[in-house]
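*Asks:* Below: one structure in structure tokens.
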Amino acid sequence: MYFMFNSSKMFFFFILIFSTLISISSNSWLGCWIGLEINLLSFIPLISNSSNLLATEASLKYFLIQSIASINFLFSILINMMMMKNFELNFFIMIMMNSSMLMKMGSAPFHFWFPNIIEGLSWFNSFILMTWQKITPMIILSYYFNKNFIIMIIMFNAIIGAIGGLNQTSLRKIMTFSSINNLSWMLSSIIISENLWIFYLFLYSFMISIMCFFFSMMNMFYINQLFINNMNSLIKINLLVNFMSLGGLPPFLGFLPKWIIINFLIMNKMYLLTFILIMMSLIMLFFYIRITYSAIMFNYIKLKWFKIYIKNNNFILMNIFSFFSLTGMILSTFLYM
């Protein structure tokens with residue numbers, strides 16, 4: 001966390017947190033919009049970096065996309081205030097509001113900006129964009145949504161998240177498409193219960209934080225670095241465990257929230273949606289296994305002299321995180337006893 005020693009970055013980071021609290025505790029649409037704007041203006045200084053052209057380009061793209069979504073949201077609020085009685089217009093306003101929130105969180109089919117922007121960010125900023133920046137739009141979306149429209153969006157997210165990540169070599173883009181796929185599960189949970197959504201978001205944030213911490217610590221951005229670098233076998237096993245947990249494979253922690261969501265969806269007779277979510281999760285697991293298989297099986301003899309040294313504290317942290325991921329299912333079974 002490079003900004004811990006930079007007072008201005010810390011200042012904007014705290015404003016980022018408070019802006020989310022302003023939005024989610026507001027009792028008017030305009031208050032929500034103001035919170036979103038403060039959030040946007042505090043995140044841009046965090047991601048912009050004068051010595052990195054990609055980060056500067058990412059901050060400009062992010063500003064433009066979020067501005068378009070904000071204008072759309074504000075426009076729908078103003079129409080809503082003027083025309084309360086017209087039912088057909090209310091449906092149109094609802095779709096507009098939902099679309100602007102989906103654009104803000106990088107949901108399909110408004111996801112095209114998301115991989116491009118993440119490509120220019122550090123791992124810590126990527127983690128914020130994939131987790132914290134989704135909270136406000138999701139909560140605003142939960143106030144006022146059209147169920148059929150959201151179910152269609154869930155299907156889009158699941159399919160695009162799974163297929164989009166298949167041909168990627170950049171780890172940040174893989175994490176992005178993984179985030180888009182997980183967004184389908186989050187949207188499924190929010191139409192069932194807000195508590196279930198909080199639980200899913202918490203566990204997803206925990207899993208994605210492990211991956212971002214791991215890649216940041218190893219200074220890795222592309223798949224080939226995983227098998228070119230001569231990593232310790234214990235680190236490779238940690239990587240496998242955490243990837244499987246993120247994919248939602250049953251013995252690991254990541255399966256628990258997905259299992260609960262599947263139960264609720266089947267109880268509500270949403271069989272097609274459940275089928276699509278499960279099938280797309282299998283595709284996600286396929287490319288996670290492909291990455292970890294390459295990392296474990298490939299060994300570059302020429303690079304035997306090259307060793308990665310990791311601080312002891314960081315290595316202990318990684319082992320603790322992996323232990324939680326591995327024993328998560330054993331702990332979770334007690335919930336159903």
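Residues in the structure tokens are named by chain (A, B, ... in the order shown) and by number from 1 within that chain; ligands are numbered from 1 in the order shown.
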Quick check for you: according to DSSP on this backbone, which residues of stretch 2-219 of chain A are classed as alpha helix (DSSP H)? Reply as a PyMOL selection string.

*Replies:* chain A and resi 7-25+29-47+53-82+87-105+113-118+123-130+132-143+147-164+171-192+194-218

*Asks:* Determine, counting only C-alpha atoms, which protein, DNA and RNA residues have an atom within 9 Å of an atom of A:Tyr204; residues of the same chain fewer than 3 positions away are not included. Present the result as an mmCIF file with N, CA, C and O atoms, in the first residue's frame.

*Replies:*
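part09.cif, written as the output of this step:
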data_model
loop_
_atom_site.group_PDB
_atom_site.id
_atom_site.type_symbol
_atom_site.label_atom_id
_atom_site.label_comp_id
_atom_site.auth_asym_id
_atom_site.auth_seq_id
_atom_site.Cartn_x
_atom_site.Cartn_y
_atom_site.Cartn_z
ATOM 1 N N THR A 131 -13.951 -4.147 -5.952
ATOM 2 C CA THR A 131 -14.749 -4.432 -4.744
ATOM 3 C C THR A 131 -15.478 -3.193 -4.219
ATOM 4 O O THR A 131 -16.689 -3.084 -4.354
ATOM 5 N N ASN A 182 -18.482 -12.735 -11.310
ATOM 6 C CA ASN A 182 -18.936 -12.700 -9.915
ATOM 7 C C ASN A 182 -20.038 -11.677 -9.687
ATOM 8 O O ASN A 182 -20.841 -11.821 -8.767
ATOM 9 N N PHE A 199 -22.993 -10.713 2.549
ATOM 10 C CA PHE A 199 -22.203 -11.916 2.837
ATOM 11 C C PHE A 199 -21.353 -12.305 1.622
ATOM 12 O O PHE A 199 -20.148 -12.581 1.751
ATOM 13 N N TYR A 200 -21.968 -12.294 0.420
ATOM 14 C CA TYR A 200 -21.251 -12.660 -0.812
ATOM 15 C C TYR A 200 -20.144 -11.643 -1.095
ATOM 16 O O TYR A 200 -19.016 -12.029 -1.420
ATOM 17 N N LEU A 201 -20.470 -10.351 -0.959
ATOM 18 C CA LEU A 201 -19.477 -9.292 -1.226
ATOM 19 C C LEU A 201 -18.289 -9.408 -0.276
ATOM 20 O O LEU A 201 -17.139 -9.258 -0.700
ATOM 21 N N MET A 207 -11.484 -13.020 -1.000
ATOM 22 C CA MET A 207 -10.787 -13.882 -1.971
ATOM 23 C C MET A 207 -9.995 -13.060 -2.984
ATOM 24 O O MET A 207 -8.854 -13.393 -3.311
ATOM 25 N N ILE A 208 -10.598 -11.970 -3.468
ATOM 26 C CA ILE A 208 -9.911 -11.147 -4.482
ATOM 27 C C ILE A 208 -8.749 -10.376 -3.844
ATOM 28 O O ILE A 208 -7.735 -10.123 -4.492
ATOM 29 N N SER A 209 -8.868 -10.055 -2.546
ATOM 30 C CA SER A 209 -7.771 -9.366 -1.847
ATOM 31 C C SER A 209 -6.551 -10.279 -1.740
ATOM 32 O O SER A 209 -5.412 -9.821 -1.859
ATOM 33 N N LEU A 246 -11.624 -18.925 -5.491
ATOM 34 C CA LEU A 246 -12.241 -17.837 -6.260
ATOM 35 C C LEU A 246 -13.207 -18.386 -7.313
ATOM 36 O O LEU A 246 -14.258 -17.802 -7.576
ATOM 37 N N GLY A 254 -14.897 -20.299 -1.289
ATOM 38 C CA GLY A 254 -15.654 -19.600 -2.337
ATOM 39 C C GLY A 254 -16.940 -20.291 -2.746
ATOM 40 O O GLY A 254 -17.825 -19.675 -3.338
ATOM 41 N N PRO A 257 -20.917 -19.141 -0.482
ATOM 42 C CA PRO A 257 -21.950 -18.179 -0.898
ATOM 43 C C PRO A 257 -22.673 -18.610 -2.179
ATOM 44 O O PRO A 257 -23.881 -18.391 -2.309
#

*Asks:* Quick one: of A:Met218, A:Leu64, A:Met186, A:Ile174, who's nearest to A:Trp113, counting only C-alpha atoms?

*Replies:*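 Among the listed residues, A:Leu64 lies closest to A:Trp113.
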
*Asks:* With a distance cut-off of 9 Å and only C-alpha atoms, select the neighbouring residues of A:Phe321, excluding the residue or stretch itself and same-chain residues fewer than 2 positions from it, and output the selection as a ChimeraX atom specification.

*Replies:* /A:206-207,210,238,242,316-319,323-326

*Asks:* How many Å separate atom CA of A:Phe286 from atom CA of A:Met152?

*Replies:*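 About the pair atom CA of A:Phe286 and atom CA of A:Met152: they are 24.2 Å apart.
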
*Asks:* For a test of reading the model, state the distance in Å between atom CA of A:Thr136 and atom CA of A:Gly120, rounded to one decimal.

*Replies:*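 Result for atom CA of A:Thr136 versus atom CA of A:Gly120: 23.0 Å, one decimal.
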
*Asks:* So that I can see what lies close to A:Leu36, please list as a PyMOL selection string the residues with an atom at most 8 Å from it, counting only C-alpha atoms and leaving out residues fewer than 2 positions away in the same chain.

*Replies:* chain A and resi 19-20+23+32-34+38-40+70+136

*Asks:* Grab the residues selected above and save them as an mmCIF file, in the first residue's frame with C-alpha atoms.

*Replies:*
data_model
loop_
_atom_site.group_PDB
_atom_site.id
_atom_site.type_symbol
_atom_site.label_atom_id
_atom_site.label_comp_id
_atom_site.auth_asym_id
_atom_site.auth_seq_id
_atom_site.Cartn_x
_atom_site.Cartn_y
_atom_site.Cartn_z
ATOM 1 C CA SER A 19 -18.437 9.199 -0.132
ATOM 2 C CA THR A 20 -19.768 5.618 -0.221
ATOM 3 C CA SER A 23 -24.546 7.612 -0.826
ATOM 4 C CA CYS A 32 -27.056 9.410 -3.717
ATOM 5 C CA TRP A 33 -25.900 11.269 -6.834
ATOM 6 C CA ILE A 34 -23.778 13.715 -4.779
ATOM 7 C CA ILE A 38 -17.557 12.744 -4.527
ATOM 8 C CA ASN A 39 -16.586 9.087 -4.949
ATOM 9 C CA LEU A 40 -15.550 9.709 -8.573
ATOM 10 C CA SER A 70 -23.745 10.195 -13.660
ATOM 11 C CA THR A 136 -22.707 2.246 -3.921
#

*Asks:* Of the residues A:Leu285, A:Ile237, A:Ile153, A:Ile159, which is the one nearest to A:Phe255, using only C-alpha atoms?

*Replies:*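 Residue with the minimum atom-to-atom distance to A:Phe255: A:Leu285.
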
*Asks:* I want to know what sits within 10 Å of A:Met220, based on only C-alpha atoms, with residues of the same chain fewer than 4 positions away left out; could you give that as a list in words?

*Replies:*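 My reading of the contact set: Trp123, Ser170, Leu171, Arg172, Cys212, Phe214, Phe215, Ser216, Asn224, Gln225, Leu226 and Asn229 of chain A.
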
*Asks:* Mind checking which residues fall within 8 Å of A:Leu187, counting only C-alpha atoms, ignoring those fewer than 5 positions away in the same chain, and posting them as a list of chain:residue names?

*Replies:*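 Listing them by chain and then by number gives A:Met138, A:Ile150, A:Ile154, A:Trp197.
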
*Asks:* Please save all heavy atoms of the selected residues as an mmCIF file, in the first residue's frame.

*Replies:*
data_model
loop_
_atom_site.group_PDB
_atom_site.id
_atom_site.type_symbol
_atom_site.label_atom_id
_atom_site.label_comp_id
_atom_site.auth_asym_id
_atom_site.auth_seq_id
_atom_site.Cartn_x
_atom_site.Cartn_y
_atom_site.Cartn_z
ATOM 1 N N MET A 138 -24.512 -0.866 -6.382
ATOM 2 C CA MET A 138 -25.320 -2.043 -6.053
ATOM 3 C C MET A 138 -26.440 -1.692 -5.085
ATOM 4 O O MET A 138 -27.572 -2.156 -5.245
ATOM 5 C CB MET A 138 -24.438 -3.132 -5.421
ATOM 6 C CG MET A 138 -23.572 -3.837 -6.399
ATOM 7 S SD MET A 138 -24.496 -4.917 -7.470
ATOM 8 C CE MET A 138 -24.003 -6.474 -6.904
ATOM 9 N N ILE A 150 -33.026 -7.173 -14.662
ATOM 10 C CA ILE A 150 -31.850 -7.584 -13.883
ATOM 11 C C ILE A 150 -31.489 -9.055 -14.158
ATOM 12 O O ILE A 150 -30.312 -9.396 -14.268
ATOM 13 C CB ILE A 150 -32.062 -7.332 -12.362
ATOM 14 C CG1 ILE A 150 -32.171 -5.821 -12.072
ATOM 15 C CG2 ILE A 150 -30.943 -7.950 -11.524
ATOM 16 C CD1 ILE A 150 -30.958 -4.985 -12.432
ATOM 17 N N ILE A 154 -27.974 -10.410 -15.427
ATOM 18 C CA ILE A 154 -27.233 -11.472 -14.721
ATOM 19 C C ILE A 154 -26.708 -12.495 -15.735
ATOM 20 O O ILE A 154 -25.547 -12.913 -15.673
ATOM 21 C CB ILE A 154 -28.132 -12.162 -13.661
ATOM 22 C CG1 ILE A 154 -28.405 -11.204 -12.485
ATOM 23 C CG2 ILE A 154 -27.491 -13.452 -13.145
ATOM 24 C CD1 ILE A 154 -29.527 -11.651 -11.564
ATOM 25 N N TRP A 197 -26.367 -10.578 -0.095
ATOM 26 C CA TRP A 197 -25.448 -9.806 -0.942
ATOM 27 C C TRP A 197 -24.243 -9.330 -0.135
ATOM 28 O O TRP A 197 -23.107 -9.424 -0.601
ATOM 29 C CB TRP A 197 -26.177 -8.608 -1.560
ATOM 30 C CG TRP A 197 -25.233 -7.657 -2.220
ATOM 31 C CD1 TRP A 197 -24.582 -7.845 -3.399
ATOM 32 C CD2 TRP A 197 -24.782 -6.391 -1.710
ATOM 33 N NE1 TRP A 197 -23.760 -6.770 -3.669
ATOM 34 C CE2 TRP A 197 -23.867 -5.863 -2.653
ATOM 35 C CE3 TRP A 197 -25.072 -5.655 -0.572
ATOM 36 C CZ2 TRP A 197 -23.237 -4.636 -2.476
ATOM 37 C CZ3 TRP A 197 -24.445 -4.428 -0.389
ATOM 38 C CH2 TRP A 197 -23.541 -3.924 -1.336
#

*Asks:* Which polymer residues have any atom within 10 Å of an atom of stretch 189-196 of chain A, counting only C-alpha atoms, with same-chain residues fewer than 6 positions away left out, as a list in words?

*Replies:*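 Those residues are Met138, Ile139, Leu141, Ser142, Phe145, Asn146, Lys147, Ile150, Ile151, Leu183, Phe202, Pro257, Lys258, Ile260, Ile261, Ile262, Phe264, Leu265 and Asn268 of chain A.
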
*Asks:* Would you save the residues of that selection, restricted to C-alpha atoms, as a PDB file, in the first residue's frame?

*Replies:*
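File produced: out_35.pdb:
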ATOM      1  CA  MET A 138     -25.320  -2.043  -6.053  1.00  0.00           C
ATOM      2  CA  ILE A 139     -27.147  -0.520  -3.088  1.00  0.00           C
ATOM      3  CA  LEU A 141     -29.750  -0.548  -7.735  1.00  0.00           C
ATOM      4  CA  SER A 142     -31.408  -2.530  -4.929  1.00  0.00           C
ATOM      5  CA  PHE A 145     -35.082  -2.233 -10.127  1.00  0.00           C
ATOM      6  CA  ASN A 146     -36.990  -4.190 -12.739  1.00  0.00           C
ATOM      7  CA  LYS A 147     -36.610  -7.904 -11.923  1.00  0.00           C
ATOM      8  CA  ILE A 150     -31.850  -7.584 -13.883  1.00  0.00           C
ATOM      9  CA  ILE A 151     -32.230 -11.331 -14.640  1.00  0.00           C
ATOM     10  CA  LEU A 183     -21.113  -9.633 -10.476  1.00  0.00           C
ATOM     11  CA  PHE A 202     -17.506  -9.822   1.987  1.00  0.00           C
ATOM     12  CA  PRO A 257     -21.950 -18.179  -0.898  1.00  0.00           C
ATOM     13  CA  LYS A 258     -22.561 -19.719  -4.358  1.00  0.00           C
ATOM     14  CA  ILE A 260     -26.522 -20.569  -0.698  1.00  0.00           C
ATOM     15  CA  ILE A 261     -27.465 -18.521  -3.812  1.00  0.00           C
ATOM     16  CA  ILE A 262     -28.100 -21.721  -5.841  1.00  0.00           C
ATOM     17  CA  PHE A 264     -32.401 -19.727  -3.031  1.00  0.00           C
ATOM     18  CA  LEU A 265     -32.646 -19.586  -6.850  1.00  0.00           C
ATOM     19  CA  ASN A 268     -37.694 -19.473  -6.369  1.00  0.00           C
TER      20      ASN A 268
END

*Asks:* For A:Met155, which residue out of A:Phe127, A:Tyr288, A:Phe18, A:Trp185 is the nearest one, using only C-alpha atoms?

*Replies:*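 Smallest separation from A:Met155 among the options: A:Trp185.
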